[in-house]
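Peer 1: Have a peek at coords_26.cif (mmCIF, C-alpha atoms and all ligand atoms).
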```
data_work
loop_
_atom_site.group_PDB
_atom_site.id
_atom_site.type_symbol
_atom_site.label_atom_id
_atom_site.label_comp_id
_atom_site.auth_asym_id
_atom_site.auth_seq_id
_atom_site.Cartn_x
_atom_site.Cartn_y
_atom_site.Cartn_z
ATOM 1 C CA MET G 1 109.791 134.665 168.286
ATOM 2 C CA THR G 2 113.208 133.653 167.169
ATOM 3 C CA GLY G 3 113.937 136.983 165.547
ATOM 4 C CA ARG G 4 115.101 137.492 162.019
ATOM 5 C CA THR G 5 115.948 134.243 160.311
ATOM 6 C CA THR G 6 119.229 134.631 158.587
ATOM 7 C CA ARG G 7 119.914 132.013 155.974
ATOM 8 C CA THR G 8 121.001 129.414 158.426
ATOM 9 C CA ARG G 9 121.678 125.911 157.228
ATOM 10 C CA ARG G 10 120.745 124.426 160.556
ATOM 11 C CA ARG G 11 118.747 121.278 160.150
ATOM 12 C CA ARG G 12 115.971 119.955 162.289
ATOM 13 C CA PHE G 13 115.545 116.234 162.154
ATOM 14 C CA PRO G 14 112.137 114.707 162.862
ATOM 15 C CA ARG G 15 111.477 113.778 166.458
ATOM 16 C CA ALA G 16 108.622 111.969 168.100
ATOM 17 C CA GLY G 17 105.448 113.603 166.877
ATOM 18 C CA ASP G 18 106.963 114.838 163.606
ATOM 19 C CA PRO G 19 105.938 113.021 160.434
ATOM 20 C CA SER G 20 108.573 111.240 158.372
ATOM 21 C CA TYR G 21 109.237 112.533 154.865
ATOM 22 C CA ASP G 22 106.975 109.866 153.346
ATOM 23 C CA ALA G 23 104.270 110.405 155.934
ATOM 24 C CA ALA G 24 104.321 114.143 155.265
ATOM 25 C CA LEU G 25 103.792 113.542 151.544
ATOM 26 C CA ARG G 26 101.030 111.052 152.262
ATOM 27 C CA ARG G 27 99.295 113.727 154.310
ATOM 28 C CA VAL G 28 99.591 116.190 151.441
ATOM 29 C CA ARG G 29 98.027 113.712 149.025
ATOM 30 C CA ALA G 30 95.283 112.862 151.492
ATOM 31 C CA ALA G 31 94.460 116.514 152.110
ATOM 32 C CA ARG G 32 94.869 117.919 148.616
ATOM 33 C CA GLY G 33 94.616 114.986 146.255
ATOM 34 C CA PRO G 34 97.154 113.600 143.809
ATOM 35 C CA ALA G 35 99.594 116.103 142.303
ATOM 36 C CA ARG G 36 98.514 114.952 138.829
ATOM 37 C CA ALA G 37 95.120 116.507 139.433
ATOM 38 C CA HIS G 38 96.813 119.894 139.731
ATOM 39 C CA THR G 39 98.719 122.295 137.527
ATOM 40 C CA CYS G 40 102.266 123.493 138.095
ATOM 41 C CA GLY G 41 102.841 127.212 138.580
ATOM 42 C CA CYS G 42 104.319 127.283 135.051
ATOM 43 C CA GLY G 43 101.083 125.939 133.568
ATOM 44 C CA ALA G 44 102.274 122.399 132.814
ATOM 45 C CA ALA G 45 100.623 119.317 134.294
ATOM 46 C CA ALA G 46 101.983 118.533 137.727
ATOM 47 C CA VAL G 47 103.617 115.186 138.485
ATOM 48 C CA ALA G 48 104.571 115.611 142.127
ATOM 49 C CA TRP G 49 104.061 117.648 145.234
ATOM 50 C CA GLY G 50 107.086 119.745 146.055
ATOM 51 C CA TYR G 51 108.106 121.673 149.106
ATOM 52 C CA PRO G 52 109.650 124.947 147.933
ATOM 53 C CA GLY G 53 111.142 125.845 151.307
ATOM 54 C CA GLY G 54 110.249 128.663 153.604
ATOM 55 C CA ASP G 55 108.835 126.780 156.559
ATOM 56 C CA ALA G 56 110.585 128.035 159.700
ATOM 57 C CA ARG G 57 109.912 124.615 161.206
ATOM 58 C CA GLU G 58 111.070 122.663 158.184
ATOM 59 C CA LEU G 59 112.351 119.162 158.772
ATOM 60 C CA THR G 60 115.258 117.291 157.253
ATOM 61 C CA ASP G 61 115.021 113.613 156.430
ATOM 62 C CA ARG G 62 117.943 112.077 158.244
ATOM 63 C CA ALA G 63 118.656 109.389 155.669
ATOM 64 C CA THR G 64 118.506 111.462 152.500
ATOM 65 C CA GLY G 65 119.037 115.033 153.674
ATOM 66 C CA ARG G 66 115.840 116.082 151.891
ATOM 67 C CA ARG G 67 114.034 118.997 153.467
ATOM 68 C CA TYR G 68 110.315 118.895 153.924
ATOM 69 C CA SER G 69 107.486 120.388 155.886
ATOM 70 C CA ALA G 70 104.851 118.938 158.171
ATOM 71 C CA ASP G 71 102.423 121.599 156.907
ATOM 72 C CA VAL G 72 100.397 120.295 153.950
ATOM 73 C CA GLN G 73 99.694 123.838 152.760
ATOM 74 C CA ARG G 74 103.418 124.423 152.194
ATOM 75 C CA TYR G 75 103.509 122.088 149.210
ATOM 76 C CA GLU G 76 103.044 123.060 145.586
ATOM 77 C CA PRO G 77 102.148 120.898 142.603
ATOM 78 C CA ILE G 78 105.144 120.801 140.266
ATOM 79 C CA CYS G 79 105.720 119.548 136.733
ATOM 80 C CA ALA G 80 108.490 117.118 135.747
ATOM 81 C CA ALA G 81 110.840 119.830 134.473
ATOM 82 C CA ASP G 82 110.495 121.965 137.578
ATOM 83 C CA HIS G 83 110.855 118.869 139.719
ATOM 84 C CA ARG G 84 114.242 118.154 138.104
ATOM 85 C CA ARG G 85 115.263 121.779 138.530
ATOM 86 C CA ALA G 86 114.265 121.689 142.200
ATOM 87 C CA ALA G 87 116.201 118.469 142.766
ATOM 88 C CA TRP G 88 119.241 120.048 141.153
ATOM 89 C CA ALA G 89 118.849 123.205 143.233
ATOM 90 C CA SER G 90 118.676 121.225 146.449
ATOM 91 C CA ARG G 91 121.721 119.123 145.515
ATOM 92 C CA ARG G 92 123.538 122.335 144.764
ATOM 93 C CA ARG G 93 122.448 123.895 148.048
ATOM 94 C CA ASP G 94 123.438 120.894 150.127
ATOM 95 C CA ARG G 95 126.493 119.882 148.139
ATOM 96 C CA ALA G 96 129.647 118.831 149.877
ATOM 97 C CA PRO G 97 132.985 120.188 148.661
ATOM 98 C CA LEU G 98 134.233 118.269 145.629
ATOM 99 C CA ASP G 99 136.830 115.747 146.683
ATOM 100 C CA PRO G 100 139.543 115.808 143.981
ATOM 101 C CA ALA G 101 140.484 112.160 144.647
ATOM 102 C CA GLU G 102 136.885 110.960 144.251
ATOM 103 C CA VAL G 103 136.263 113.107 141.190
ATOM 104 C CA THR G 104 139.458 111.827 139.604
ATOM 105 C CA ARG G 105 138.451 108.210 140.284
ATOM 106 C CA LEU G 106 134.944 108.666 138.852
ATOM 107 C CA TYR G 107 136.344 110.401 135.792
ATOM 108 C CA ALA G 108 138.873 107.635 135.268
ATOM 109 C CA ASP G 109 136.014 105.123 135.531
ATOM 110 C CA GLY G 110 134.423 106.786 132.529
ATOM 111 C CA CYS G 111 131.947 109.149 134.174
ATOM 112 C CA SER G 112 131.577 112.440 132.332
ATOM 113 C CA ALA G 113 132.346 115.723 134.037
ATOM 114 C CA ALA G 114 128.704 116.679 133.513
ATOM 115 C CA GLY G 115 127.507 113.436 135.086
ATOM 116 C CA ILE G 116 129.775 113.818 138.102
ATOM 117 C CA GLY G 117 128.595 117.395 138.443
ATOM 118 C CA ARG G 118 124.913 116.481 138.242
ATOM 119 C CA THR G 119 125.127 114.001 141.087
ATOM 120 C CA HIS G 120 127.269 116.244 143.277
ATOM 121 C CA GLY G 121 125.531 119.573 142.715
ATOM 122 C CA TYR G 122 128.237 121.097 140.539
ATOM 123 C CA THR G 123 128.426 122.201 136.931
ATOM 124 C CA ALA G 124 130.584 120.360 134.406
ATOM 125 C CA SER G 125 133.030 123.257 134.262
ATOM 126 C CA GLU G 126 133.411 123.250 138.048
ATOM 127 C CA VAL G 127 134.247 119.548 137.885
ATOM 128 C CA LEU G 128 136.697 120.123 135.031
ATOM 129 C CA GLN G 129 138.395 122.812 137.087
ATOM 130 C CA VAL G 130 138.992 120.326 139.895
ATOM 131 C CA LEU G 131 140.241 117.695 137.437
ATOM 132 C CA ARG G 132 142.640 120.122 135.780
ATOM 133 C CA ALA G 133 143.917 121.289 139.152
ATOM 134 C CA ALA G 134 144.549 117.630 139.994
ATOM 135 C CA GLY G 135 146.559 117.270 136.798
ATOM 136 C CA VAL G 136 144.087 114.929 135.121
ATOM 137 C CA GLN G 137 144.163 114.725 131.337
ATOM 138 C CA ILE G 138 140.754 115.916 130.118
ATOM 139 C CA ARG G 139 139.031 113.765 127.510
ATOM 140 C CA ARG G 140 137.914 115.600 124.409
ATOM 141 C CA GLY G 141 134.313 115.528 123.300
ATOM 142 C CA ARG G 142 131.677 113.007 124.141
ATOM 143 C CA THR G 143 132.834 110.188 121.913
ATOM 144 C CA ARG G 144 134.977 107.385 123.170
ATOM 145 C CA GLN G 145 138.394 107.965 121.705
ATOM 146 C CA ALA G 146 140.690 105.269 120.553
ATOM 147 C CA PRO G 147 143.949 105.326 122.483
ATOM 148 C CA THR G 148 146.637 107.338 120.727
ATOM 149 C CA GLY G 149 148.459 105.290 118.144
ATOM 150 C CA THR G 150 145.591 102.928 117.480
ATOM 151 C CA SER G 151 144.596 102.920 113.874
ATOM 152 C CA ASP G 152 141.088 104.056 113.169
ATOM 153 C CA VAL G 153 140.784 101.598 110.323
ATOM 154 C CA GLU G 154 141.206 98.556 112.497
ATOM 155 C CA GLU G 155 138.064 99.521 114.361
ATOM 156 C CA ARG G 156 135.950 99.146 111.238
ATOM 157 C CA THR G 157 135.126 95.500 111.372
ATOM 158 C CA THR G 158 133.926 93.788 108.261
ATOM 159 C CA GLN G 159 130.225 93.088 108.264
HETATM 160 ZN ZN ZN G 201 106.437 123.647 136.003
#
```
Re-express the file's structure as structure tokens.

Peer 2:
Amino acid sequence: MTGRTTRTRRRRFPRAGDPSYDAALRRVRAARGPARAHTCGCGAAAVAWGYPGGDARELTDRATGRRYSADVQRYEPICAADHRRAAWASRRRDRAPLDPAEVTRLYADGCSAAGIGRTHGYTASEVLQVLRAAGVQIRRGRTRQAPTGTSDVEERTTQ
């Protein structure tokens, strides 16, 4: 026994004899059928098999960082909404620190704070905090704003 498992973030990558991420999911489907034939724990129709964590021998896909299990019984059928929530939770768990330079560049390229947050495992307000700390001028609202000084009327082209 390894004793009490504290919440370590140690990863175990697959070695010879361990299934790949895709192979593990194929095994689940072979053993338990397609996820669509099952119901999510919330009662909605399932769309995918998900690994909720908890396997002491869990594996990490080296390319994507996704965690998975070689044990087909560890998987649960999950609906689309819960699948998105799980993906978000895992991004949030495995997120790297926000790099102010990268966030600033993405924001300048037109990405929204919410969009940057979604892909990096942060909330929009956490991203805005980083942008403000970096001295970036925050855009207001969702609409594309005309640069200051540009007349609104000129934008209304005749039809
Ligand atoms: Zn669900």

Peer 1: Once the PyMOL selection byres (((chain G and resi 52-57) around 9) and not hetatm) has been applied to the shown file, what residues remain in the selection, as a list of chain:residue names?

Peer 2: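 This file, filtered by the PyMOL selection byres (((chain G and resi 52-57) around 9) and not hetatm), leaves G:Thr5, G:Arg12, G:Gly50, G:Tyr51, G:Glu58, G:Leu59, G:Arg67, G:Tyr68, G:Ser69, G:Ala70, G:Asp71, G:Arg74, G:Tyr75, G:Glu76, G:Ala86.
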
Peer 1: Could you give me the residues within 10 Å of ligand ZN 201 (chain G), counting only C-alpha atoms and all ligand atoms, as a list in words?

Peer 2: Thr39, Cys40, Gly41, Cys42, Gly43, Ala44, Ala45, Ala46, Val47, Pro77, Ile78, Cys79, Ala80, Ala81, Asp82, His83, Arg84 and Arg85 of chain G

Peer 1: How many Å separate atom CA of Leu106 of chain G from atom CA of Trp88 of chain G?

Peer 2: 19.5 Å

Peer 1: Quick check, in Å to one decimal: how far apart do atom CA of Arg36 of chain G and atom CA of Trp49 of chain G lie?

Peer 2: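 Taking atom CA of Arg36 of chain G and atom CA of Trp49 of chain G, their separation equals 8.9 Å.
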
Peer 1: Grab the atom CA of Ala134 of chain G to atom CA of Ala89 of chain G distance for me, in Å with one decimal place.

Peer 2: 26.5 Å

Peer 1: Just say which residues the PyMOL selection byres (((chain G and resi 15) around 12) and not hetatm) picks in this file, as number ranges by chain.

Peer 2: G: 12-14, 16-21, 59-62, 70

Peer 1: Limited to C-alpha atoms, could you put the picked residues into a file as a JSON list (two decimals), in the frame of the given file?

Peer 2:
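The new file selection.json reads:
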```json
[["chain", "number", "residue", "atom", "x", "y", "z"],
["G", 12, "ARG", "CA", 115.97, 119.96, 162.29],
["G", 13, "PHE", "CA", 115.54, 116.23, 162.15],
["G", 14, "PRO", "CA", 112.14, 114.71, 162.86],
["G", 16, "ALA", "CA", 108.62, 111.97, 168.10],
["G", 17, "GLY", "CA", 105.45, 113.60, 166.88],
["G", 18, "ASP", "CA", 106.96, 114.84, 163.61],
["G", 19, "PRO", "CA", 105.94, 113.02, 160.43],
["G", 20, "SER", "CA", 108.57, 111.24, 158.37],
["G", 21, "TYR", "CA", 109.24, 112.53, 154.86],
["G", 59, "LEU", "CA", 112.35, 119.16, 158.77],
["G", 60, "THR", "CA", 115.26, 117.29, 157.25],
["G", 61, "ASP", "CA", 115.02, 113.61, 156.43],
["G", 62, "ARG", "CA", 117.94, 112.08, 158.24],
["G", 70, "ALA", "CA", 104.85, 118.94, 158.17]]
```
